[in-house]
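Printed here is upload_31.cif (mmCIF, C-alpha atoms):
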```cif
data_start
#
loop_
_atom_site.label_atom_id
_atom_site.label_comp_id
_atom_site.auth_asym_id
_atom_site.auth_seq_id
_atom_site.Cartn_x
_atom_site.Cartn_y
_atom_site.Cartn_z
CA MET A 1 -19.16 25.07 3.41
CA ASN A 2 -15.51 25.11 2.35
CA ARG A 3 -14.21 24.25 -1.08
CA TRP A 4 -11.24 21.88 -1.18
CA SER A 5 -8.74 21.14 -3.91
CA VAL A 6 -7.02 17.79 -3.39
CA ILE A 7 -3.89 17.48 -5.50
CA GLY A 8 -3.01 13.91 -6.35
CA GLY A 9 -5.06 10.99 -7.63
CA GLY A 10 -3.26 8.21 -5.78
CA VAL A 11 -4.51 6.37 -2.72
CA THR A 12 -3.79 9.23 -0.31
CA GLY A 13 -5.53 11.86 -2.40
CA LEU A 14 -8.56 9.65 -3.03
CA CYS A 15 -8.88 8.76 0.66
CA VAL A 16 -8.82 12.45 1.57
CA ALA A 17 -11.30 13.35 -1.16
CA THR A 18 -13.60 10.51 -0.08
CA LEU A 19 -13.75 11.71 3.51
CA LEU A 20 -14.32 15.31 2.42
CA ALA A 21 -17.14 14.21 0.14
CA GLU A 22 -18.66 12.09 2.90
CA ARG A 23 -18.72 15.25 5.05
CA GLY A 24 -20.60 17.08 2.32
CA GLU A 25 -17.71 19.38 1.43
CA GLN A 26 -17.28 20.78 -2.07
CA THR A 27 -14.27 18.93 -3.41
CA GLU A 28 -12.22 18.70 -6.58
CA VAL A 29 -9.29 16.39 -7.32
CA ILE A 30 -6.47 17.72 -9.45
CA VAL A 31 -4.50 15.05 -11.28
CA ASP A 32 -1.59 15.01 -13.68
CA ALA A 33 -2.49 12.74 -16.58
CA ASN A 34 1.19 12.26 -17.35
CA ARG A 35 2.02 10.78 -13.96
CA THR A 36 1.05 7.39 -12.60
CA PRO A 37 0.72 7.35 -8.80
CA ALA A 38 2.95 4.97 -6.85
CA SER A 39 -0.16 3.30 -5.44
CA TRP A 40 -1.01 2.01 -8.94
CA PHE A 41 1.94 -0.38 -8.54
CA ALA A 42 1.16 -1.38 -4.94
CA GLY A 43 0.54 -4.88 -3.68
CA GLY A 44 -2.59 -3.92 -1.78
CA MET A 45 -1.77 -5.93 1.33
CA LEU A 46 -3.63 -4.82 4.47
CA ALA A 47 -1.11 -6.57 6.68
CA PRO A 48 -0.26 -4.56 9.82
CA TRP A 49 0.89 -7.57 11.83
CA CYS A 50 3.37 -8.69 9.19
CA GLU A 51 4.69 -5.17 8.79
CA ALA A 52 5.68 -5.16 12.46
CA GLU A 53 8.76 -7.11 11.39
CA SER A 54 10.40 -3.87 10.26
CA ALA A 55 7.91 -1.03 10.79
CA PRO A 56 7.30 1.23 13.81
CA ARG A 57 4.51 0.37 16.24
CA ALA A 58 2.36 3.16 14.79
CA VAL A 59 1.96 1.14 11.60
CA ILE A 60 0.23 -1.62 13.58
CA ASP A 61 -1.86 0.77 15.65
CA LEU A 62 -3.19 2.62 12.60
CA GLY A 63 -3.08 -0.20 10.07
CA GLN A 64 -5.19 -2.71 11.96
CA HIS A 65 -8.26 -0.55 11.20
CA ALA A 66 -7.57 -0.28 7.47
CA ALA A 67 -9.38 -3.42 6.30
CA ALA A 68 -12.66 -2.34 7.94
CA TRP A 69 -12.31 1.16 6.42
CA TRP A 70 -11.80 -0.24 2.94
CA GLN A 71 -14.53 -2.85 3.36
CA GLN A 72 -17.06 -0.05 3.81
CA ARG A 73 -16.00 1.72 0.60
CA VAL A 74 -14.76 -0.74 -2.04
CA SER A 75 -15.72 -4.22 -3.17
CA SER A 76 -12.34 -5.90 -3.71
CA VAL A 77 -11.31 -6.54 -0.08
CA GLU A 78 -10.45 -10.19 0.63
CA HIS A 79 -10.21 -11.38 4.24
CA GLN A 80 -8.00 -14.42 3.69
CA GLY A 81 -5.04 -13.64 5.94
CA THR A 82 -1.35 -13.74 5.01
CA LEU A 83 0.93 -16.77 4.78
CA VAL A 84 4.67 -16.37 5.44
CA VAL A 85 7.09 -19.10 4.36
CA ALA A 86 10.82 -19.61 3.88
CA PRO A 87 13.00 -22.29 2.27
CA VAL A 88 14.57 -24.75 4.70
CA ARG A 89 17.96 -23.08 4.28
CA ASP A 90 16.41 -19.79 5.48
CA ASN A 91 14.59 -21.26 8.46
CA GLN A 92 16.27 -18.76 10.76
CA GLU A 93 14.55 -15.97 8.83
CA LEU A 94 11.20 -17.52 9.65
CA ASN A 95 12.10 -17.80 13.33
CA ARG A 96 13.24 -14.19 13.37
CA PHE A 97 10.03 -13.06 11.66
CA ALA A 98 7.99 -14.90 14.29
CA ARG A 99 9.87 -13.17 17.11
CA MET A 100 9.38 -9.73 15.56
CA THR A 101 5.63 -10.08 14.91
CA GLU A 102 2.43 -11.10 16.68
CA GLN A 103 -1.10 -12.33 15.96
CA HIS A 104 0.14 -15.36 14.02
CA GLN A 105 0.19 -19.14 14.36
CA TRP A 106 2.55 -21.82 13.10
CA VAL A 107 0.98 -23.90 10.35
CA ASP A 108 1.67 -26.49 7.72
CA PRO A 109 1.62 -24.20 4.64
CA ALA A 110 -0.15 -26.88 2.59
CA ALA A 111 -3.05 -26.80 5.06
CA VAL A 112 -3.56 -23.11 4.21
CA GLU A 113 -2.59 -23.18 0.53
CA PRO A 114 -2.90 -26.69 -0.96
CA ALA A 115 -0.77 -25.69 -3.97
CA LEU A 116 2.23 -25.51 -1.61
CA ALA A 117 2.03 -29.21 -0.69
CA GLY A 118 5.54 -30.62 -0.29
CA ARG A 119 7.12 -27.19 -0.82
CA PHE A 120 7.66 -25.85 2.72
CA ALA A 121 7.88 -27.56 6.10
CA ARG A 122 6.21 -24.84 8.13
CA GLY A 123 4.93 -21.30 7.90
CA LEU A 124 3.32 -18.44 9.80
CA PHE A 125 -0.34 -17.66 9.23
CA PHE A 126 -1.69 -14.18 10.04
CA SER A 127 -5.42 -14.89 9.90
CA GLN A 128 -6.57 -11.35 10.71
CA GLU A 129 -4.97 -9.73 7.68
CA ALA A 130 -6.57 -8.88 4.33
CA HIS A 131 -5.74 -7.63 0.85
CA LEU A 132 -7.34 -5.80 -2.04
CA ASP A 133 -6.64 -5.07 -5.68
CA PRO A 134 -5.24 -1.50 -5.69
CA ARG A 135 -6.25 -0.76 -9.26
CA LEU A 136 -9.83 -1.87 -8.78
CA ALA A 137 -9.98 0.06 -5.50
CA LEU A 138 -8.63 3.28 -7.02
CA ALA A 139 -11.01 3.05 -9.96
CA GLU A 140 -13.99 2.35 -7.72
CA MET A 141 -13.16 5.23 -5.39
CA ARG A 142 -12.85 7.62 -8.31
CA GLU A 143 -16.16 6.48 -9.77
CA LYS A 144 -17.96 6.92 -6.44
CA LEU A 145 -16.43 10.36 -5.97
CA GLN A 146 -17.65 11.44 -9.39
CA GLN A 147 -21.12 10.15 -8.50
CA ARG A 148 -20.98 12.44 -5.45
CA GLY A 149 -20.22 15.40 -7.68
CA VAL A 150 -16.46 15.54 -7.14
CA THR A 151 -14.73 16.80 -10.27
CA PHE A 152 -11.39 15.53 -11.59
CA HIS A 153 -9.28 17.81 -13.75
CA SER A 154 -5.72 18.96 -14.42
CA GLY A 155 -6.29 22.70 -14.10
CA LYS A 156 -5.68 25.19 -11.31
CA ALA A 157 -6.95 24.76 -7.77
CA SER A 158 -10.09 26.69 -6.92
CA GLY A 159 -10.21 25.96 -3.19
CA GLN A 160 -8.12 25.33 -0.11
CA VAL A 161 -5.30 23.05 -1.24
CA ILE A 162 -4.49 19.65 0.27
CA ASP A 163 -1.35 18.33 -1.40
CA CYS A 164 -1.15 14.52 -1.64
CA ARG A 165 1.26 14.22 -4.56
CA GLY A 166 3.67 11.76 -2.97
CA ILE A 167 7.25 12.09 -4.15
CA HIS A 168 6.25 14.83 -6.60
CA ALA A 169 5.87 17.20 -3.63
CA ALA A 170 9.52 16.74 -2.64
CA SER A 171 10.45 20.27 -3.75
CA GLU A 172 8.11 21.66 -1.06
CA LEU A 173 8.91 18.94 1.49
CA PRO A 174 12.73 18.70 1.67
CA ARG A 175 12.66 15.91 4.30
CA LEU A 176 10.84 13.64 1.87
CA ARG A 177 12.90 11.00 0.09
CA ALA A 178 12.19 8.42 -2.59
CA VAL A 179 12.35 4.66 -2.11
CA ARG A 180 12.30 2.81 -5.39
CA GLY A 181 10.16 -0.29 -5.77
CA GLU A 182 9.93 -2.74 -8.66
CA MET A 183 7.20 -5.24 -9.43
CA LEU A 184 5.83 -7.72 -11.93
CA ILE A 185 2.34 -8.79 -12.92
CA LEU A 186 2.23 -12.49 -13.79
CA HIS A 187 -0.50 -14.65 -15.25
CA SER A 188 -0.70 -18.38 -14.60
CA ALA A 189 -3.46 -20.87 -15.27
CA GLU A 190 -1.59 -23.59 -13.35
CA VAL A 191 -1.30 -22.12 -9.86
CA GLN A 192 -4.04 -20.89 -7.57
CA PHE A 193 -3.53 -19.04 -4.28
CA SER A 194 -6.19 -17.40 -2.13
CA ARG A 195 -4.05 -14.98 -0.11
CA PRO A 196 -0.77 -13.06 -0.20
CA ILE A 197 2.29 -15.23 0.36
CA ARG A 198 5.47 -13.70 1.71
CA LEU A 199 8.71 -15.49 0.96
CA LEU A 200 11.48 -14.70 3.40
CA HIS A 201 15.05 -14.41 2.22
CA PRO A 202 18.01 -12.61 3.87
CA ARG A 203 18.75 -10.59 0.71
CA PHE A 204 15.55 -10.28 -1.32
CA PRO A 205 12.34 -11.10 0.52
CA CYS A 206 9.28 -10.73 -1.68
CA TYR A 207 5.55 -11.30 -1.79
CA LEU A 208 3.06 -12.75 -4.24
CA VAL A 209 -0.48 -11.34 -4.16
CA PRO A 210 -3.30 -13.09 -6.03
CA ARG A 211 -5.60 -11.05 -8.23
CA ARG A 212 -8.54 -11.92 -10.42
CA GLY A 213 -8.35 -14.08 -13.51
CA GLY A 214 -5.17 -15.96 -12.61
CA HIS A 215 -3.08 -12.84 -12.21
CA PHE A 216 -0.52 -12.24 -9.48
CA MET A 217 1.40 -9.18 -8.36
CA LEU A 218 5.00 -10.09 -7.52
CA GLY A 219 6.99 -7.49 -5.59
CA ALA A 220 8.65 -5.56 -4.41
CA THR A 221 12.19 -4.33 -4.10
CA MET A 222 13.26 -1.58 -1.70
CA VAL A 223 16.03 0.65 -3.04
CA GLU A 224 17.00 4.04 -1.62
CA SER A 225 16.97 5.86 -4.93
CA HIS A 226 15.23 8.65 -6.89
CA ASP A 227 15.72 6.64 -10.10
CA ALA A 228 12.31 6.13 -11.69
CA SER A 229 13.59 4.30 -14.78
CA ALA A 230 12.47 0.83 -15.88
CA ILE A 231 12.92 -2.28 -13.76
CA SER A 232 16.50 -3.51 -13.50
CA ALA A 233 17.62 -6.90 -14.77
CA ARG A 234 18.79 -7.80 -11.27
CA ALA A 235 15.40 -7.04 -9.74
CA MET A 236 13.59 -9.04 -12.40
CA MET A 237 15.88 -12.06 -11.95
CA GLU A 238 15.55 -11.97 -8.17
CA LEU A 239 11.77 -11.61 -8.27
CA LEU A 240 11.38 -14.44 -10.79
CA SER A 241 13.76 -16.62 -8.80
CA ALA A 242 11.61 -16.05 -5.72
CA ALA A 243 8.46 -16.91 -7.68
CA TYR A 244 10.07 -20.17 -8.83
CA THR A 245 10.97 -20.94 -5.21
CA LEU A 246 7.34 -20.54 -4.21
CA HIS A 247 6.13 -22.85 -6.97
CA PRO A 248 7.99 -24.23 -10.03
CA ALA A 249 4.87 -23.88 -12.18
CA LEU A 250 5.32 -20.11 -11.99
CA ALA A 251 8.29 -20.54 -14.31
CA GLU A 252 5.69 -20.98 -17.04
CA ALA A 253 3.71 -17.90 -16.00
CA ARG A 254 3.48 -15.04 -18.47
CA ILE A 255 4.93 -11.67 -17.53
CA ILE A 256 2.04 -9.31 -18.24
CA GLU A 257 3.66 -6.17 -16.86
CA ASN A 258 6.84 -4.96 -15.22
CA ALA A 259 7.20 -1.55 -13.63
CA SER A 260 8.94 0.57 -11.06
CA GLY A 261 7.70 3.37 -8.82
CA LEU A 262 8.97 5.77 -6.18
CA ARG A 263 7.51 5.55 -2.71
CA PRO A 264 7.52 8.81 -0.69
CA ALA A 265 9.08 8.46 2.75
CA TYR A 266 10.08 10.65 5.69
CA PRO A 267 13.14 9.77 7.84
CA ALA A 268 11.09 7.69 10.31
CA ASN A 269 9.20 5.94 7.47
CA LEU A 270 5.90 7.23 8.88
CA PRO A 271 3.45 9.61 7.18
CA GLU A 272 3.12 13.20 8.38
CA ILE A 273 0.62 16.05 8.12
CA HIS A 274 1.97 19.56 7.62
CA TYR A 275 0.58 23.01 6.95
CA GLN A 276 2.78 25.55 5.23
CA ASN A 277 2.35 28.32 2.68
CA ASP A 278 -1.46 28.09 2.94
CA THR A 279 -1.35 24.42 1.94
CA PHE A 280 -2.02 21.22 3.86
CA TYR A 281 0.32 18.33 3.06
CA LEU A 282 -0.35 14.66 3.73
CA ASN A 283 2.57 12.58 2.57
CA GLY A 284 5.21 9.97 3.39
CA MET A 285 3.20 6.73 3.18
CA TYR A 286 6.39 4.80 2.35
CA ARG A 287 5.38 1.18 1.58
CA HIS A 288 2.13 1.44 3.55
CA GLY A 289 -0.15 3.48 1.29
CA PHE A 290 -3.29 1.36 1.39
CA LEU A 291 -2.61 0.42 5.00
CA LEU A 292 -2.13 3.93 6.42
CA ALA A 293 -3.74 6.41 4.03
CA PRO A 294 -7.30 5.87 5.36
CA LEU A 295 -6.45 6.56 9.00
CA MET A 296 -4.08 9.41 8.16
CA ALA A 297 -6.87 10.95 6.10
CA GLU A 298 -9.12 10.58 9.16
CA GLN A 299 -6.51 12.39 11.25
CA LEU A 300 -6.39 15.17 8.69
CA MET A 301 -10.18 15.51 8.86
CA GLN A 302 -9.95 15.88 12.64
CA ARG A 303 -7.32 18.57 12.26
CA LEU A 304 -9.41 20.45 9.70
CA SER A 305 -12.40 20.33 12.05
CA GLU A 306 -10.36 21.62 14.97
CA GLU A 307 -8.92 24.49 12.95
CA HIS A 308 -12.38 25.39 11.66
CA ARG A 309 -13.69 25.58 15.24
CA TYR A 310 -10.70 27.73 16.22
CA GLU A 311 -11.24 30.11 13.30
CA ASN A 312 -15.02 30.27 13.83
CA PRO A 313 -15.66 30.14 17.60
CA ALA A 314 -19.27 29.82 18.69
#
```
What does the file become when written as C-alpha cells?
Amino acid sequence: MNRWSVIGGGVTGLCVATLLAERGEQTEVIVDANRTPASWFAGGMLAPWCEAESAPRAVIDLGQHAAAWWQQRVSSVEHQGTLVVAPVRDNQELNRFARMTEQHQWVDPAAVEPALAGRFARGLFFSQEAHLDPRLALAEMREKLQQRGVTFHSGKASGQVIDCRGIHAASELPRLRAVRGEMLILHSAEVQFSRPIRLLHPRFPCYLVPRRGGHFMLGATMVESHDASAISARAMMELLSAAYTLHPALAEARIIENASGLRPAYPANLPEIHYQNDTFYLNGMYRHGFLLAPLMAEQLMQRLSEEHRYENPA
C-alpha cells in the first residue's frame, strides 16, 4: 500500500483524496489555513451542455458524468436543469447561445420558473443539468474523508505528493495562469428559484444559483488577471444590475458576502496531469472545477494504477 500526500483542500484535492481513500490507500491532505481555495467561491453548476457555448468539446465529454459522480458522494446535488434567458434587446445572444449548444429546448421561462412571469419572452431549458452547493459539498467530503481515517494538517508531506493547489502551484507550473472571478452572495425572502438561471448579455453575462434558506450565489466575472484583491466597484455594479434585470425584487436583497478568487487555467482552458520532480500535478480546472475535477481525478487514478503495474510487473 502506498502513502499519498495530497496538497490542496479545494475541490480538486478533495476529489483526488476521496478516490485514493475509496481504493484503500493511506492518504493525508495538506492544507494552508491561510488560503481559501477558489472552489469555495464557485457557483457549483454541473452544466456541461451550457458550457459548450465557449468551452472545448472535452468539457462536455467529461462534464456530463459529473452529476452522477457527485450524487454518489454528497447530499446537496439538485437535478433541476438550467434556464438561460436574455432581455428582448439581447435576443440575438439567446439565438447564438442556442446555436452553440445542444440538449436544450425553447420554453416560456415562466413555465419553468413562475417568478419570471412577464419578465422574459422565451428561454432555453437544459433539463439534464444539475447544481450543488460547493461549500456544503466541500465540507461533506472533508468530513467523510476524516471518517475514513484521512488526516488533514498543514505540516510536511509524508508520502508521494499529488499537488492540487490551483494557482498557488504556478511557480512550478509556468504555463498556468490566473483568471480572476468575482461573486456575491445575496439573501432574499421575496424571490424563489429552483435552478440556476443564466442571463445573457454581450458584455457581462452572469448566473444566479439558488442555495438554501433564500440565499443566492451571483457570479461571476472573467478577468485575465493575477489580482486577488477585493471585488471591484464595476463588477459589483454589473452583477447587481444583472440581478435586477432578472427580477426587480432582488434590488431589496441583502448582500451577505462579496469576494474574488483566482481560477487556475492552462492555455487551452482544460485541466492537465503532469509528473515532474517526483510530484504529480493535477491543475488547470479554469471555471469548471466541480464539473471536471471528479473525472480528472479518475484519470489520475488510472495513471497511478498503470505506473504501479509498470514499476511492479507480475
Determine, counting only C-alpha atoms, which protein, DNA and RNA residues have an atom within 7 Å of an atom of Glu78 (chain A); residues of the same chain fewer than 4 positions away are not included. Present the result as a PDB file with C-alpha atoms, keeping the file's coordinate frame.
```pdb
ATOM      1  CA  ALA A 130      -6.570  -8.880   4.330  1.00  0.00           C
ATOM      2  CA  HIS A 131      -5.740  -7.630   0.850  1.00  0.00           C
ATOM      3  CA  LEU A 132      -7.340  -5.800  -2.040  1.00  0.00           C
TER       4      LEU A 132
END
```
- request: Kindly give the distance, in Å, that separates CA of Lys156 (chain A) and CA of Arg3 (chain A), rounded to a single decimal.
  value: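 Taking CA of Lys156 (chain A) and CA of Arg3 (chain A), their separation equals 13.4 Å.
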query: On this structure, which residues satisfy the PyMOL selection byres ((chain A and resi 138) around 12), written as an MDAnalysis selection string?
result: chainID A and resid 9:15 17:18 36:42 44 70 73:76 132:137 139:145 289:290
Exercise: region 250-266 of chain A partners within 8 Å, only C-alpha atoms, chain neighbours under 6 positions left out, as number ranges by chain: A: 38, 41, 166-167, 175-191, 226-231, 240, 243-244, 272, 283-287
- prompt: Taking into account all atoms listed in the file, which residue in the set A:Val6, A:Leu116, A:Leu173, A:Ala111 is nearest to Pro267 (chain A)?
  reply: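 With all atoms listed in the file as the atom set, the closest residue is A:Leu173.
Across the structure, CA of Ala220 (chain A) and CA of Met237 (chain A) are spaced 12.3 Å apart.
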- request: Would you kindly return, as a PyMOL selection string, each protein, DNA or RNA residue with an atom no farther than 10 Å from any atom of region 53-69 of chain A, considering only C-alpha atoms and excluding same-chain residues fewer than 4 positions away?
  value: chain A and resi 45-49+73-74+77-79+96-102+128-132+268-271+287-296
message: I'd like the interatomic distance between CA of Val112 (chain A) and CA of Val84 (chain A), to a tenth of an Å.
response: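 CA of Val112 (chain A) sits 10.7 Å away from CA of Val84 (chain A).
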- prompt: Which residue gives the smallest distance to Ile162 (chain A) among A:Ala235, A:Ala86, A:Leu20, A:Leu282, with all atoms listed in the file counted?
  reply: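 Nearest to Ile162 (chain A): A:Leu282.
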query: Using only C-alpha atoms, which residues sit within 10 Å of region 159-161 of chain A once same-chain residues fewer than 6 positions away are excluded, as number ranges by chain?
result: A: 2-7, 26-30, 278-281
message: Set the distance at 7 Å and use only C-alpha atoms: which residues neighbour region 198-211 of chain A once local chain neighbours fewer than 4 positions away are removed? I'd like the list as a count of residues only.
response: 17
message: When you count all atoms listed in the file, which of these residues is closest to Arg35 (chain A): A:His153, A:His168, A:Gly81, A:Phe125?
response: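 Nearest to Arg35 (chain A): A:His168.
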